[in-house]
>>> print(open('protein.cif').read())   # mmCIF, C-alpha atoms
data_final
#
loop_
_atom_site.label_atom_id
_atom_site.label_comp_id
_atom_site.auth_asym_id
_atom_site.auth_seq_id
_atom_site.Cartn_x
_atom_site.Cartn_y
_atom_site.Cartn_z
CA MET P 911 32.22 6.42 3.92
CA ASN P 912 31.36 2.73 3.73
CA ASN P 913 32.63 0.80 0.75
CA PHE P 914 29.01 0.21 -0.18
CA ASP P 915 25.48 1.25 0.69
CA LYS P 916 22.20 -0.54 -0.02
CA VAL P 917 18.62 0.65 -0.01
CA SER P 918 15.33 -0.91 -1.02
CA ALA P 919 13.27 1.49 -3.13
CA GLY P 920 9.79 1.94 -1.77
CA THR P 921 6.58 2.57 -3.64
CA GLN P 922 6.45 6.35 -3.32
CA ALA P 923 5.77 8.43 -6.43
CA ARG P 924 9.39 9.68 -6.31
CA VAL P 925 12.48 8.32 -4.58
CA GLU P 926 15.79 10.23 -4.74
CA LEU P 927 18.83 8.05 -4.12
CA HIS P 928 21.71 10.55 -3.90
CA ASP P 929 21.62 10.96 -0.12
CA LEU P 930 20.27 7.49 0.65
CA LEU P 931 23.24 5.84 -1.11
CA ASN P 932 25.87 8.57 -0.60
CA LEU P 933 26.30 8.88 -4.36
CA THR P 934 29.22 11.03 -5.56
CA GLY P 935 29.02 10.62 -9.33
CA ALA P 936 25.28 10.70 -10.05
CA GLU P 937 21.83 11.43 -8.80
CA VAL P 938 19.28 8.72 -9.52
CA SER P 939 15.55 9.12 -9.02
CA ILE P 940 12.73 6.61 -9.40
CA ASN P 941 9.52 8.22 -10.59
CA LEU P 942 5.90 7.19 -11.09
CA LEU P 943 3.50 9.37 -13.07
CA PRO P 944 -0.16 8.26 -12.85
CA ALA P 945 -2.20 7.90 -16.04
CA GLY P 946 -2.93 11.32 -17.51
CA ALA P 947 -0.31 13.09 -15.38
CA SER P 948 2.85 14.93 -16.38
CA VAL P 949 5.85 16.53 -14.78
CA PRO P 950 4.38 20.04 -14.36
CA PHE P 951 7.23 21.96 -15.99
CA VAL P 952 9.68 21.93 -18.90
CA HIS P 953 13.34 21.85 -17.83
CA SER P 954 16.87 21.68 -19.10
CA HIS P 955 20.22 21.39 -17.26
CA ARG P 956 23.35 23.44 -16.82
CA LEU P 957 25.94 20.62 -16.71
CA ASN P 958 24.11 17.31 -16.42
CA GLU P 959 23.35 14.71 -19.05
CA GLU P 960 20.22 12.76 -18.15
CA ILE P 961 19.64 9.08 -18.83
CA TYR P 962 16.09 7.76 -18.55
CA ALA P 963 14.97 4.13 -18.33
CA ILE P 964 11.30 3.25 -18.68
CA LEU P 965 10.62 0.44 -16.20
CA ASP P 966 6.89 -0.01 -16.66
CA GLY P 967 3.87 1.48 -18.39
CA GLU P 968 3.60 3.99 -21.20
CA GLY P 969 4.23 7.65 -21.71
CA LYS P 970 5.95 10.20 -23.85
CA ALA P 971 8.63 12.84 -23.64
CA ILE P 972 8.64 16.09 -25.55
CA ILE P 973 12.29 17.01 -26.19
CA ASP P 974 13.02 20.28 -28.01
CA GLY P 975 9.60 19.98 -29.61
CA SER P 976 9.97 16.33 -30.69
CA SER P 977 7.41 13.90 -29.25
CA VAL P 978 9.02 10.59 -28.24
CA VAL P 979 6.80 7.61 -27.39
CA LEU P 980 8.02 5.67 -24.35
CA LYS P 981 7.33 2.11 -23.24
CA ALA P 982 8.92 -0.37 -20.84
CA GLY P 983 12.47 -1.22 -21.90
CA ASP P 984 13.15 2.11 -23.59
CA TRP P 985 16.25 4.14 -22.67
CA LEU P 986 17.00 7.77 -23.48
CA ARG P 987 20.02 10.05 -23.29
CA ILE P 988 19.22 13.77 -23.23
CA SER P 989 21.86 16.49 -23.63
CA PRO P 990 22.02 19.13 -20.88
CA SER P 991 20.62 22.00 -22.95
CA ALA P 992 17.63 20.14 -24.41
CA LYS P 993 14.24 21.28 -23.11
CA ARG P 994 12.28 18.27 -21.88
CA GLN P 995 8.97 17.34 -20.30
CA PHE P 996 7.59 13.89 -19.39
CA PHE P 997 4.02 12.61 -19.57
CA ALA P 998 2.22 9.40 -18.66
CA SER P 999 -0.18 8.18 -21.32
CA GLU P 1000 -3.88 8.91 -20.89
CA LYS P 1001 -4.66 5.29 -19.97
CA HIS P 1002 -1.48 4.01 -18.30
CA SER P 1003 0.94 5.18 -15.65
CA VAL P 1004 4.65 5.30 -16.44
CA LYS P 1005 7.43 4.30 -14.04
CA TYR P 1006 10.92 5.47 -14.91
CA ILE P 1007 14.43 6.00 -13.60
CA CYS P 1008 16.22 9.29 -14.20
CA ILE P 1009 20.04 9.30 -13.88
CA GLN P 1010 21.82 12.67 -13.75
CA VAL P 1011 25.56 12.71 -14.49
CA LYS P 1012 27.92 15.51 -15.42
CA ALA P 1013 28.25 15.55 -19.21
CA ASN P 1014 31.72 14.51 -20.46
CA SER P 1015 32.80 13.39 -16.98
CA LEU P 1016 33.36 9.71 -17.79
CA GLU P 1017 36.96 8.67 -18.46
CA GLY P 1018 37.50 4.91 -18.79
CA TYR P 1019 34.78 2.31 -18.21
CA THR P 1020 34.38 -1.43 -18.07
CA MET P 1021 37.70 -2.96 -19.16
CA THR P 1022 39.53 0.40 -19.28
CA ASP P 1023 38.58 1.20 -15.67
CA ALA P 1024 38.20 -2.23 -14.09
CA VAL P 1025 40.83 -4.04 -12.05
CA VAL P 1026 40.24 -7.78 -12.34
CA MET N 792 25.53 14.91 -31.57
CA ASN N 793 21.74 14.84 -31.40
CA ASN N 794 20.11 16.45 -28.39
CA PHE N 795 18.77 13.01 -27.50
CA ASP N 796 19.09 9.34 -28.41
CA LYS N 797 16.66 6.51 -27.73
CA VAL N 798 17.09 2.76 -27.77
CA SER N 799 14.87 -0.16 -26.78
CA ALA N 800 16.78 -2.67 -24.67
CA GLY N 801 16.54 -6.16 -26.05
CA THR N 802 16.47 -9.45 -24.20
CA GLN N 803 20.16 -10.34 -24.51
CA ALA N 804 22.05 -11.46 -21.39
CA ARG N 805 24.00 -8.18 -21.48
CA VAL N 806 23.32 -4.86 -23.20
CA GLU N 807 25.85 -2.02 -23.00
CA LEU N 808 24.34 1.41 -23.61
CA HIS N 809 27.40 3.71 -23.80
CA ASP N 810 27.80 3.56 -27.57
CA LEU N 811 24.12 2.97 -28.37
CA LEU N 812 23.10 6.19 -26.59
CA ASN N 813 26.32 8.22 -27.07
CA LEU N 814 26.67 8.57 -23.31
CA THR N 815 29.37 10.96 -22.06
CA GLY N 816 28.91 10.82 -18.29
CA ALA N 817 28.23 7.15 -17.60
CA GLU N 818 28.24 3.62 -18.90
CA VAL N 819 25.05 1.68 -18.21
CA SER N 820 24.68 -2.05 -18.74
CA ILE N 821 21.64 -4.29 -18.40
CA ASN N 822 22.55 -7.77 -17.21
CA LEU N 823 20.81 -11.11 -16.74
CA LEU N 824 22.41 -13.93 -14.76
CA PRO N 825 20.59 -17.27 -15.01
CA ALA N 826 19.78 -19.21 -11.84
CA GLY N 827 22.97 -20.63 -10.36
CA ALA N 828 25.27 -18.42 -12.46
CA SER N 829 27.70 -15.72 -11.40
CA VAL N 830 29.90 -13.10 -12.99
CA PRO N 831 33.03 -15.25 -13.38
CA PHE N 832 35.49 -12.85 -11.72
CA VAL N 833 35.94 -10.47 -8.80
CA HIS N 834 36.60 -6.87 -9.85
CA SER N 835 37.15 -3.37 -8.55
CA HIS N 836 37.57 -0.04 -10.36
CA ARG N 837 40.23 2.61 -10.77
CA LEU N 838 38.00 5.72 -10.89
CA ASN N 839 34.40 4.60 -11.21
CA GLU N 840 31.68 4.38 -8.61
CA GLU N 841 29.14 1.72 -9.54
CA ILE N 842 25.41 1.90 -8.89
CA TYR N 843 23.39 -1.29 -9.20
CA ALA N 844 19.61 -1.64 -9.45
CA ILE N 845 17.99 -5.06 -9.14
CA LEU N 846 15.12 -5.12 -11.65
CA ASP N 847 13.91 -8.68 -11.20
CA GLY N 848 14.73 -11.97 -9.50
CA GLU N 849 17.12 -12.77 -6.67
CA GLY N 850 20.81 -12.90 -6.13
CA LYS N 851 23.66 -11.76 -3.96
CA ALA N 852 26.78 -9.67 -4.13
CA ILE N 853 29.97 -10.33 -2.20
CA ILE N 854 31.59 -6.95 -1.53
CA ASP N 855 34.93 -6.91 0.31
CA GLY N 856 33.93 -10.21 1.90
CA SER N 857 30.41 -9.10 2.95
CA SER N 858 27.52 -11.10 1.48
CA VAL N 859 24.61 -8.85 0.46
CA VAL N 860 21.26 -10.41 -0.43
CA LEU N 861 19.63 -8.79 -3.47
CA LYS N 862 16.02 -8.75 -4.61
CA ALA N 863 13.94 -6.66 -7.01
CA GLY N 864 13.82 -3.02 -5.92
CA ASP N 865 17.22 -3.04 -4.22
CA TRP N 866 19.83 -0.42 -5.10
CA LEU N 867 23.55 -0.45 -4.26
CA ARG N 868 26.39 2.06 -4.40
CA ILE N 869 29.87 0.51 -4.46
CA SER N 870 33.07 2.54 -4.02
CA PRO N 871 35.71 2.17 -6.75
CA SER N 872 38.21 0.19 -4.67
CA ALA N 873 35.77 -2.37 -3.24
CA LYS N 874 36.20 -5.90 -4.56
CA ARG N 875 32.84 -7.19 -5.82
CA GLN N 876 31.27 -10.25 -7.44
CA PHE N 877 27.63 -10.87 -8.40
CA PHE N 878 25.64 -14.11 -8.24
CA ALA N 879 22.13 -15.21 -9.19
CA SER N 880 20.41 -17.33 -6.55
CA GLU N 881 20.38 -21.09 -7.02
CA LYS N 882 16.69 -21.10 -7.97
CA HIS N 883 16.10 -17.71 -9.62
CA SER N 884 17.78 -15.57 -12.23
CA VAL N 885 18.65 -11.98 -11.42
CA LYS N 886 18.25 -9.03 -13.79
CA TYR N 887 20.11 -5.86 -12.90
CA ILE N 888 21.35 -2.54 -14.18
CA CYS N 889 24.95 -1.45 -13.54
CA ILE N 890 25.74 2.27 -13.83
CA GLN N 891 29.40 3.34 -13.93
CA VAL N 892 30.20 6.98 -13.16
CA LYS N 893 33.42 8.71 -12.19
CA ALA N 894 33.50 9.00 -8.40
CA ASN N 895 33.18 12.60 -7.13
CA SER N 896 32.34 13.91 -10.60
CA LEU N 897 28.85 15.22 -9.83
CA GLU N 898 28.55 18.93 -9.12
CA GLY N 899 24.98 20.23 -8.81
CA TYR N 900 21.90 18.12 -9.43
CA THR N 901 18.14 18.51 -9.61
CA MET N 902 17.32 22.06 -8.50
CA THR N 903 20.97 23.15 -8.34
CA ASP N 904 21.60 22.07 -11.94
CA ALA N 905 18.19 22.43 -13.55
CA VAL N 906 16.97 25.40 -15.58
CA VAL N 907 13.17 25.59 -15.33
#
>>> encode(input="protein.cif", output="structure tokens")
Amino acid sequence: MNNFDKVSAGTQARVELHDLLNLTGAEVSINLLPAGASVPFVHSHRLNEEIYAILDGEGKAIIDGSSVVLKAGDWLRISPSAKRQFFASEKHSVKYICIQVKANSLEGYTMTDAVV
Amino acid sequence: MNNFDKVSAGTQARVELHDLLNLTGAEVSINLLPAGASVPFVHSHRLNEEIYAILDGEGKAIIDGSSVVLKAGDWLRISPSAKRQFFASEKHSVKYICIQVKANSLEGYTMTDAVV
């Protein structure tokens, strides 16, 4: 495997980076829900923590029955077992990143993992 | 721990999300380098794969001696051992996300980890 890979994300409604970047510690997807649309199912995870970043627009998530308003600049962590569903607002699309990582997999980070 | 946490990223030059979101599988930072600036050191990692997303602006990375031009929409995976340094361009700042995850930690993902 190369020491690095680079890709330019396109403008599709969903881009999955795992295979494009040869990721081994995460899956990352870039998602666009048009105004009024939603992910058409509720889901949870077996092992994976999810981290969401709202890049643009407005929407909401319903997480274990709690409604969470989302706007650009918001970040979420969701535990594996939580039941979640994502919605764009009625008037605005929402563009977001979803990062899947195995819960409790991180050991050191930043200064406790870096070699400077 | 709550089933989810939410935070709104501010406008600081660097925001670290690990403690704000109680992350257990990743560290995520949001970074802004002003025009002409660089991260002031070269670094590699012991265990962590890094994933970078360029959110805005222009810059470059030097990875094991290779110069990689970066613009909004670009994504990078960098292996733990690769020596890396990030730079804004001379005329434009660069805003980017850095995701640290333990290399080879991901098991299933998306449909092989989801419960629908």
>>> closest_atom_pairs(input="protein.cif", of="segment 916-1015 of chain P", to="segment 868-871 of chain N", cutoff="12 Å", atoms="only C-alpha atoms", output="tab-separated table")
residue	atom	partner	partner_atom	distance
P:Lys916	CA	N:Arg868	CA	6.6
P:Val917	CA	N:Arg868	CA	9.0
P:Ser918	CA	N:Arg868	CA	11.9
P:Leu927	CA	N:Arg868	CA	9.6
P:His928	CA	N:Arg868	CA	9.7
P:Asp929	CA	N:Arg868	CA	11.0
P:Leu930	CA	N:Arg868	CA	9.6
P:Leu931	CA	N:Arg868	CA	5.9
P:Asn932	CA	N:Arg868	CA	7.6
P:Leu933	CA	N:Arg868	CA	6.8
P:Thr934	CA	N:Ser870	CA	9.4
P:Gly935	CA	N:Arg868	CA	10.2
P:Ala936	CA	N:Arg868	CA	10.4
P:Glu937	CA	N:Arg868	CA	11.3
P:Val938	CA	N:Arg868	CA	11.0
>>> residues_around(input="protein.cif", residues="Lys1012 of chain P", least_positions_apart="6", cutoff="7 Å", atoms="only C-alpha atoms", output="MDAnalysis selection string")
(chainID P and resid 957:959) or (chainID N and resid 816 896:897)
>>> residues_near_point(input="protein.cif", point="(22.7, -15.5, -21.3)", cutoff="10 Å", atoms="all atoms listed in the file", output="PyMOL selection string")
chain N and resi 802-805+822-825+828
>>> atom_distance(input="protein.cif", atom1="atom CA of Ala879 of chain N", atom2="atom CA of His836 of chain N")
21.7 Å
>>> closest_residue(input="protein.cif", among="P:Ile1007, P:Ala1013, P:Val1025, P:Ala963", to="Ser939 of chain P", atoms="all atoms listed in the file")
P:Ile1007
>>> resolve_selection(input="protein.cif", expression="the PyMOL selection byres ((chain P and resi 949) around 9)", output="MDAnalysis selection string")
chainID P and resid 943 947:948 950:952 995:998
>>> closest_residue(input="protein.cif", among="P:Ile961, P:Val1011, P:Ile972, P:Ala1024", to="Asp796 of chain N", atoms="only C-alpha atoms")
P:Ile961
>>> atom_distance(input="protein.cif", atom1="atom CA of Gly827 of chain N", atom2="atom CA of Asp847 of chain N")
15.0 Å
>>> closest_residue(input="protein.cif", among="P:Val1026, P:Val925, P:Glu1000, P:Gly967", to="chain N", atoms="all atoms listed in the file")
P:Val1026
>>> closest_residue(input="protein.cif", among="P:Asn913, P:Ser999, P:Gly969, P:Trp985", to="Ser835 of chain N", atoms="only C-alpha atoms")
P:Asn913
>>> resolve_selection(input="protein.cif", expression="the PyMOL selection byres ((chain P and resi 982) around 7)", output="PyMOL selection string")
chain P and resi 964-968+981+983-984
>>> decode(input="protein.cif", residues="segment 840-871 of chain N", atoms="N, CA and C atoms", output="compact mmCIF listing (two decimals), in the first residue's frame")
# COMPACT_ATOMS: atom_id res chain seq x y z
N GLU N 840 -3.52 5.87 11.69
CA GLU N 840 -3.78 6.34 10.33
C GLU N 840 -4.42 7.73 10.46
N GLU N 841 -4.05 8.64 9.58
CA GLU N 841 -4.72 9.94 9.57
C GLU N 841 -5.49 10.10 8.27
N ILE N 842 -6.66 10.73 8.40
CA ILE N 842 -7.50 11.04 7.24
C ILE N 842 -7.73 12.55 7.28
N TYR N 843 -7.40 13.22 6.19
CA TYR N 843 -7.56 14.66 6.12
C TYR N 843 -8.61 15.02 5.09
N ALA N 844 -9.44 15.99 5.42
CA ALA N 844 -10.42 16.55 4.48
C ALA N 844 -10.17 18.05 4.38
N ILE N 845 -10.01 18.54 3.17
CA ILE N 845 -9.82 19.98 2.97
C ILE N 845 -11.21 20.62 2.83
N LEU N 846 -11.58 21.46 3.78
CA LEU N 846 -12.91 22.07 3.77
C LEU N 846 -12.96 23.34 2.95
N ASP N 847 -11.85 24.10 2.97
CA ASP N 847 -11.87 25.40 2.32
C ASP N 847 -10.44 25.86 2.09
N GLY N 848 -10.24 26.65 1.03
CA GLY N 848 -8.95 27.26 0.80
C GLY N 848 -8.00 26.38 0.01
N GLU N 849 -6.71 26.66 0.15
CA GLU N 849 -5.67 26.00 -0.64
C GLU N 849 -4.44 25.78 0.22
N GLY N 850 -3.76 24.69 -0.06
CA GLY N 850 -2.52 24.44 0.65
C GLY N 850 -1.76 23.31 0.01
N LYS N 851 -0.82 22.78 0.75
CA LYS N 851 -0.12 21.58 0.28
C LYS N 851 0.33 20.77 1.48
N ALA N 852 0.55 19.48 1.21
CA ALA N 852 1.19 18.62 2.20
C ALA N 852 2.48 18.12 1.58
N ILE N 853 3.51 17.96 2.40
CA ILE N 853 4.70 17.23 1.97
C ILE N 853 4.70 15.93 2.75
N ILE N 854 4.60 14.82 2.01
CA ILE N 854 4.47 13.49 2.62
C ILE N 854 5.61 12.62 2.11
N ASP N 855 6.52 12.26 3.00
CA ASP N 855 7.70 11.48 2.62
C ASP N 855 8.39 12.09 1.39
N GLY N 856 8.46 13.41 1.39
CA GLY N 856 9.18 14.11 0.32
C GLY N 856 8.34 14.44 -0.90
N SER N 857 7.11 13.89 -1.00
CA SER N 857 6.22 14.21 -2.13
C SER N 857 5.36 15.42 -1.79
N SER N 858 5.30 16.38 -2.71
CA SER N 858 4.47 17.57 -2.51
C SER N 858 3.09 17.32 -3.11
N VAL N 859 2.06 17.49 -2.30
CA VAL N 859 0.68 17.18 -2.71
C VAL N 859 -0.14 18.45 -2.60
N VAL N 860 -0.63 18.94 -3.73
CA VAL N 860 -1.45 20.15 -3.75
C VAL N 860 -2.83 19.83 -3.17
N LEU N 861 -3.35 20.72 -2.35
CA LEU N 861 -4.63 20.50 -1.67
C LEU N 861 -5.59 21.65 -1.92
N LYS N 862 -6.83 21.29 -2.23
CA LYS N 862 -7.87 22.30 -2.40
C LYS N 862 -9.17 21.75 -1.81
N ALA N 863 -10.16 22.61 -1.64
CA ALA N 863 -11.42 22.21 -1.03
C ALA N 863 -12.01 21.00 -1.74
N GLY N 864 -12.44 20.02 -0.98
CA GLY N 864 -13.00 18.79 -1.53
C GLY N 864 -12.02 17.64 -1.61
N ASP N 865 -10.74 17.92 -1.37
CA ASP N 865 -9.73 16.85 -1.39
C ASP N 865 -9.72 16.09 -0.07
N TRP N 866 -9.49 14.79 -0.19
CA TRP N 866 -9.35 13.90 0.97
C TRP N 866 -8.05 13.11 0.84
N LEU N 867 -7.39 12.89 1.97
CA LEU N 867 -6.13 12.14 2.02
C LEU N 867 -6.19 11.07 3.10
N ARG N 868 -5.61 9.90 2.81
CA ARG N 868 -5.24 8.94 3.84
C ARG N 868 -3.73 8.93 3.95
N ILE N 869 -3.20 8.95 5.15
CA ILE N 869 -1.75 8.88 5.34
C ILE N 869 -1.43 7.76 6.32
N SER N 870 -0.53 6.86 5.92
CA SER N 870 -0.12 5.74 6.77
C SER N 870 0.61 6.24 8.01
N PRO N 871 0.55 5.48 9.10
CA PRO N 871 1.17 5.96 10.35
C PRO N 871 2.63 6.41 10.19
